[in-house]
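See structure below.
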Amino acid sequence: MIERNVLPDLIMYAILIDGYFKSGRLDEGEKLFSLALDQGIKLDVVVFSLVMDAYGKVGDLGRVVQVYKRPLEEGLSPNVVSYSILINGLYGSGRMLEACGVFGQIIKRGLEPSLITYSSLIDGFCKLGNLRDGFHLFDDMIEKGHQPDVVFSVLINGLCKEGMVTSALRFFFNSVSRGLKPNIFTFNSLMDGYFRLKQLRNAVKVYTLMGMYNIKPDMVTYTLLIRDTSKQGELNAALLIFFQMLMRGVPGDAITYCTLMDGFCKHKNPNAGLQIFKLMQKNGLVPDIAVYNVLLNMLFKECHLEGMTSALFGPNSVTFTILIDAFCKEGRMDDAMLMFSKMLEKGPEPNVVTYSCLIDGYFKSHEMRTVTELHEKMLENKICPNIVSCSVLIDGFCKQGLMLEASLAFHCALDRNLLPDVVAFSILIRAYCKVGRLVEAKLLCEQMFMNGIMPDDLLERTLVEYIV
């Protein structure tokens, strides 16, 4: 359209900008927005609000504020939508004082705050523990005829977090009598509040109350019940709740399974924990690092290494590597090497990722001799390094101040036709800068640009500080 010298009008610009931003094409939307301003198109407050909303959704508060100020410079007054987007962004960044100031502007101009505006502010007050101002806004909403179903749940959650569960329950019944409708978040907040006070019986009463309001428990509900019945040592009850959850079609996630496994771990029943782990794998859930940490603590404290092997159904190299990485991250290098030895004895064969995890762990433990031995063993076993494993070496040597070794590792990667990525370049360039070897840093930077690699944010800041 523009190439044919046909310039869009305001409506066309609004449609195109909105379309770009809603489809996630922020760069193109921003270019078109800037073009409209450059062409002297008098954009209205609706278009500015669309752009503010797009930046708000990606958490770019700086751009939100920038776009908010532009119509003010052109004599346009923001509408409630613009104010709400700005308040939501300020609240999300923890800048509640400024959010309240913007809310004051809405009231001063005689505009009617939206439900979203009220919700953002009340949630912010609750997170700060400022329940008094939260309830003041809630009363204001009621007076102005809003139906704050979601907001009253936020206030209940705030009360429960402060340990004021009795007040929360009283507020719950008062709100319901006014016609407000509770949701699953409301009941989960009340249950969690009672659990925090170790009042299991009252939490279960809230759970049974859900049925009266035709609210079905969700994954969070069941996880709360499992967690706290386990804490009380009622593992049979926790297991019953777990299987009720599955039978009712609620799948559970890694947190649910991990919670139950942790309960069995703390009550010294590793076999039951292993069965839950097996069921988790059977149901197609991928264990996360928290699950593996529970499993490791459970089995290794009780010396059940063979149980670990059988529990993992003849694990592949990925499973072993995750376990080794978990040990390395906790600094338990003896356990990591024990697991590595198991791999060498019985299979599967360790891969380049396995070796990289161990090398990184021994670097952090300052055991340079073991680092060298592992790297040599990897090469002896004809396991080809990749750019990630080379980056681990470069980073480890740099952190130890061994710049010659780091440079050799970098050039070895080049000799193996491994094209360094921005991570590898960044590690070495930043290390050269920190030790004052700026000539080498500049040469490496030029090489990076010649390879068509652009610096990341961290490297950009380093270059500005030391070179530019």
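Just so we're on the same page: first chain in the structure tokens is A, next is B, and so on; residues restart at 1 for each chain, and ligands are numbered from 1 in the order they show up.
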Which residues are close to A:Leu61, i.e. within 12 Å by only C-alpha atoms, leaving aside same-chain residues fewer than 3 positions away? Reply as a tab-separated table (two decimals) with N, CA and C atoms, in the first residue's frame.
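Produced file around02.tsv, reproduced below:
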chain	number	residue	atom	x	y	z
A	51	VAL	N	-1.32	0.25	21.61
A	51	VAL	CA	0.15	0.10	21.66
A	51	VAL	C	0.61	-0.08	23.10
A	52	MET	N	0.03	0.70	24.02
A	52	MET	CA	0.37	0.54	25.44
A	52	MET	C	0.06	-0.88	25.92
A	53	ASP	N	-1.09	-1.40	25.52
A	53	ASP	CA	-1.50	-2.74	25.94
A	53	ASP	C	-0.53	-3.80	25.44
A	54	ALA	N	-0.07	-3.64	24.19
A	54	ALA	CA	0.88	-4.61	23.61
A	54	ALA	C	2.18	-4.63	24.39
A	55	TYR	N	2.70	-3.45	24.73
A	55	TYR	CA	3.94	-3.40	25.51
A	55	TYR	C	3.72	-3.87	26.94
A	56	GLY	N	2.54	-3.58	27.48
A	56	GLY	CA	2.22	-4.04	28.84
A	56	GLY	C	2.21	-5.55	28.95
A	57	LYS	N	1.71	-6.21	27.91
A	57	LYS	CA	1.63	-7.67	27.94
A	57	LYS	C	2.99	-8.35	27.89
A	58	VAL	N	4.00	-7.67	27.35
A	58	VAL	CA	5.35	-8.25	27.34
A	58	VAL	C	6.21	-7.69	28.48
A	64	VAL	N	5.52	1.44	27.82
A	64	VAL	CA	4.13	1.80	28.18
A	64	VAL	C	4.07	3.26	28.60
A	65	VAL	N	5.00	3.65	29.48
A	65	VAL	CA	5.03	5.04	29.97
A	65	VAL	C	5.34	5.99	28.83
A	66	GLN	N	6.27	5.60	27.97
A	66	GLN	CA	6.66	6.44	26.83
A	66	GLN	C	5.47	6.71	25.91
A	67	VAL	N	4.73	5.65	25.59
A	67	VAL	CA	3.56	5.80	24.70
A	67	VAL	C	2.46	6.58	25.42
A	68	TYR	N	2.33	6.40	26.74
A	68	TYR	CA	1.31	7.12	27.52
A	68	TYR	C	1.55	8.63	27.46
A	85	ILE	N	-4.24	0.33	31.86
A	85	ILE	CA	-3.04	-0.35	31.37
A	85	ILE	C	-1.81	0.15	32.13
A	86	LEU	N	-1.73	1.46	32.34
A	86	LEU	CA	-0.60	2.04	33.07
A	86	LEU	C	-0.58	1.57	34.52
A	87	ILE	N	-1.75	1.57	35.16
A	87	ILE	CA	-1.84	1.11	36.56
A	87	ILE	C	-1.42	-0.34	36.66
A	88	ASN	N	-1.88	-1.16	35.73
A	88	ASN	CA	-1.54	-2.59	35.76
A	88	ASN	C	-0.03	-2.80	35.60
A	89	GLY	N	0.59	-2.00	34.72
A	89	GLY	CA	2.04	-2.10	34.53
A	89	GLY	C	2.81	-1.66	35.76
A	90	LEU	N	2.39	-0.56	36.37
A	90	LEU	CA	3.05	-0.06	37.59
A	90	LEU	C	2.90	-1.05	38.73
A	91	TYR	N	1.69	-1.59	38.87
A	91	TYR	CA	1.43	-2.58	39.93
A	91	TYR	C	2.29	-3.83	39.72
A	92	GLY	N	2.39	-4.27	38.47
A	92	GLY	CA	3.18	-5.45	38.16
A	92	GLY	C	4.66	-5.26	38.45
A	93	SER	N	5.12	-4.00	38.43
A	93	SER	CA	6.53	-3.71	38.71
A	93	SER	C	6.75	-3.31	40.17
A	94	GLY	N	5.70	-3.45	40.98
A	94	GLY	CA	5.81	-3.15	42.40
A	94	GLY	C	5.79	-1.67	42.73
A	95	ARG	N	5.40	-0.84	41.76
A	95	ARG	CA	5.40	0.62	41.98
A	95	ARG	C	3.98	1.08	42.35
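All residues of protein, DNA or RNA that reach within 10 Å of A:Val318, judged by only C-alpha atoms and not counting those fewer than 5 positions away in the chain, are Leu323, Ile324, Pro348, Pro350, Asn351, Val353 and Thr354 of chain A.
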request  = Counting only C-alpha atoms, figure out which residue out of A:Phe449, A:Phe195, A:Tyr118, A:Tyr466 gets nearest to A:Val150.
outcome  =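 Between A:Phe449, A:Phe195, A:Tyr118, A:Tyr466, the residue approaching A:Val150 most closely is A:Tyr118.
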ask   = Got a sec to tell me which of stretch 292-468 of chain A DSSP assigns to helix (DSSP H, G or I), as a ChimeraX atom specification?
value = /A:292-301,305-311,317-329,333-346,352-364,368-380,387-399,403-415,422-434,438-450,457-466
message = Quick one: residues within 7 Å of stretch 246-260 of chain A, only C-alpha atoms, excluding same-chain residues fewer than 4 positions away - as a PyMOL selection string?
response = chain A and resi 218-219+223+226-227+242+264+276+280+285+287-288+291
Please, could you write that set of residues out with N, CA and C atoms as a short mmCIF file (atom, residue, chain, number, x, y, z; two decimals), in the first residue's frame?
data_model
loop_
_atom_site.label_atom_id
_atom_site.label_comp_id
_atom_site.auth_asym_id
_atom_site.auth_seq_id
_atom_site.Cartn_x
_atom_site.Cartn_y
_atom_site.Cartn_z
N ASP A 218 -9.65 -28.73 41.91
CA ASP A 218 -8.69 -28.82 40.81
C ASP A 218 -7.37 -29.40 41.31
N MET A 219 -6.37 -29.36 40.49
CA MET A 219 -5.07 -29.94 40.82
C MET A 219 -4.46 -29.27 42.06
N THR A 223 -3.40 -31.09 45.54
CA THR A 223 -2.00 -31.00 45.96
C THR A 223 -1.89 -30.44 47.38
N ILE A 226 -2.93 -33.29 49.72
CA ILE A 226 -1.86 -34.30 49.78
C ILE A 226 -0.69 -33.78 50.61
N ARG A 227 -0.31 -32.53 50.36
CA ARG A 227 0.84 -31.96 51.07
C ARG A 227 0.64 -31.95 52.57
N PHE A 242 -4.83 -38.89 46.58
CA PHE A 242 -4.11 -38.92 45.31
C PHE A 242 -4.85 -39.77 44.27
N PHE A 264 6.58 -39.48 51.63
CA PHE A 264 7.10 -40.82 51.90
C PHE A 264 8.59 -40.77 52.27
N ILE A 276 5.42 -44.34 43.44
CA ILE A 276 4.80 -43.10 42.93
C ILE A 276 5.62 -42.57 41.76
N MET A 280 4.37 -41.99 37.97
CA MET A 280 4.56 -40.70 37.31
C MET A 280 5.10 -40.90 35.89
N LEU A 285 4.45 -38.17 32.64
CA LEU A 285 4.93 -36.90 33.17
C LEU A 285 6.45 -36.91 33.22
N PRO A 287 9.79 -35.92 34.93
CA PRO A 287 10.25 -35.44 36.24
C PRO A 287 11.09 -34.17 36.10
N ASP A 288 10.91 -33.24 37.03
CA ASP A 288 11.76 -32.05 37.03
C ASP A 288 12.85 -32.22 38.08
N VAL A 291 11.77 -33.25 41.63
CA VAL A 291 11.44 -34.67 41.77
C VAL A 291 12.72 -35.49 41.95
#
ask   = What's the 9 Å shell around A:Leu50, counting only C-alpha atoms, without same-chain residues fewer than 6 positions away, as a PyMOL selection string?
value = chain A and resi 14+17-18+21+82
task = Write out as a list in words each polymer residue whose atoms come within 7 Å of A:Val422, counting only C-alpha atoms; drop sequence neighbours fewer than 4 positions from it.
result =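 Surrounding residues, per the criterion: Ser426, Ile453 and Pro455 of chain A.
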Write the residues you've just listed into a file as a PDB file, in the first residue's frame, and include N, CA and C atoms for each of them.
ATOM      1  N   SER A 426      31.280 -14.604  24.231  1.00  0.00           N
ATOM      2  CA  SER A 426      30.986 -13.706  25.349  1.00  0.00           C
ATOM      3  C   SER A 426      31.797 -14.065  26.583  1.00  0.00           C
ATOM      4  N   ILE A 453      28.016 -12.909  14.196  1.00  0.00           N
ATOM      5  CA  ILE A 453      27.400 -13.123  15.515  1.00  0.00           C
ATOM      6  C   ILE A 453      27.301 -11.785  16.229  1.00  0.00           C
ATOM      7  N   PRO A 455      26.452  -9.472  19.675  1.00  0.00           N
ATOM      8  CA  PRO A 455      26.574  -9.651  21.129  1.00  0.00           C
ATOM      9  C   PRO A 455      25.207  -9.711  21.811  1.00  0.00           C
TER      10      PRO A 455
END
request  = Compile the contact shell of A:Ala237 as number ranges by chain: residues with an atom at most 12 Å away, counting only C-alpha atoms, same-chain residues fewer than 6 positions apart removed.
outcome  = A: 222, 225-231, 243-244, 260, 263
Keeping only N, CA and C atoms, write the selected residues as a PDB file, in the first residue's frame.
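File part33.pdb, as written:
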ATOM      1  N   TYR A 222      -6.149 -30.645  45.297  1.00  0.00           N
ATOM      2  CA  TYR A 222      -5.668 -31.977  45.678  1.00  0.00           C
ATOM      3  C   TYR A 222      -4.221 -31.923  46.171  1.00  0.00           C
ATOM      4  N   LEU A 225      -4.193 -30.762  49.736  1.00  0.00           N
ATOM      5  CA  LEU A 225      -4.644 -31.831  50.629  1.00  0.00           C
ATOM      6  C   LEU A 225      -3.554 -32.886  50.817  1.00  0.00           C
ATOM      7  N   ILE A 226      -2.930 -33.288  49.716  1.00  0.00           N
ATOM      8  CA  ILE A 226      -1.864 -34.298  49.784  1.00  0.00           C
ATOM      9  C   ILE A 226      -0.691 -33.783  50.608  1.00  0.00           C
ATOM     10  N   ARG A 227      -0.315 -32.534  50.362  1.00  0.00           N
ATOM     11  CA  ARG A 227       0.840 -31.956  51.068  1.00  0.00           C
ATOM     12  C   ARG A 227       0.636 -31.950  52.572  1.00  0.00           C
ATOM     13  N   ASP A 228      -0.519 -31.493  52.988  1.00  0.00           N
ATOM     14  CA  ASP A 228      -0.691 -31.293  54.428  1.00  0.00           C
ATOM     15  C   ASP A 228      -1.121 -32.550  55.169  1.00  0.00           C
ATOM     16  N   THR A 229      -1.812 -33.473  54.518  1.00  0.00           N
ATOM     17  CA  THR A 229      -2.056 -34.763  55.171  1.00  0.00           C
ATOM     18  C   THR A 229      -0.742 -35.530  55.310  1.00  0.00           C
ATOM     19  N   SER A 230       0.163 -35.374  54.321  1.00  0.00           N
ATOM     20  CA  SER A 230       1.483 -36.002  54.417  1.00  0.00           C
ATOM     21  C   SER A 230       2.277 -35.420  55.577  1.00  0.00           C
ATOM     22  N   LYS A 231       2.219 -34.091  55.722  1.00  0.00           N
ATOM     23  CA  LYS A 231       2.938 -33.440  56.821  1.00  0.00           C
ATOM     24  C   LYS A 231       2.471 -33.942  58.183  1.00  0.00           C
ATOM     25  N   PHE A 243      -5.277 -40.971  44.689  1.00  0.00           N
ATOM     26  CA  PHE A 243      -5.967 -41.853  43.731  1.00  0.00           C
ATOM     27  C   PHE A 243      -7.394 -41.382  43.435  1.00  0.00           C
ATOM     28  N   GLN A 244      -8.025 -40.712  44.398  1.00  0.00           N
ATOM     29  CA  GLN A 244      -9.332 -40.089  44.114  1.00  0.00           C
ATOM     30  C   GLN A 244      -9.181 -39.027  43.027  1.00  0.00           C
ATOM     31  N   LEU A 260       3.852 -35.930  47.160  1.00  0.00           N
ATOM     32  CA  LEU A 260       3.579 -37.238  47.760  1.00  0.00           C
ATOM     33  C   LEU A 260       4.882 -38.009  47.981  1.00  0.00           C
ATOM     34  N   GLY A 263       6.593 -36.727  50.995  1.00  0.00           N
ATOM     35  CA  GLY A 263       5.969 -37.216  52.222  1.00  0.00           C
ATOM     36  C   GLY A 263       6.494 -38.588  52.605  1.00  0.00           C
TER      37      GLY A 263
END
query = Quick one: of A:Ile387, A:Val176, A:Met333, A:Val80, who's nearest to A:Leu419, counting only C-alpha atoms?
reply =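 Using only C-alpha atoms, A:Leu419 sits closest to A:Ile387.
The residue set within 8 Å of A:Thr117, counting only C-alpha atoms and dropping same-chain residues fewer than 3 places from it, reads Ser84, Ile87, Asn88, Pro113, Ser114, Ser120 and Leu121 of chain A.
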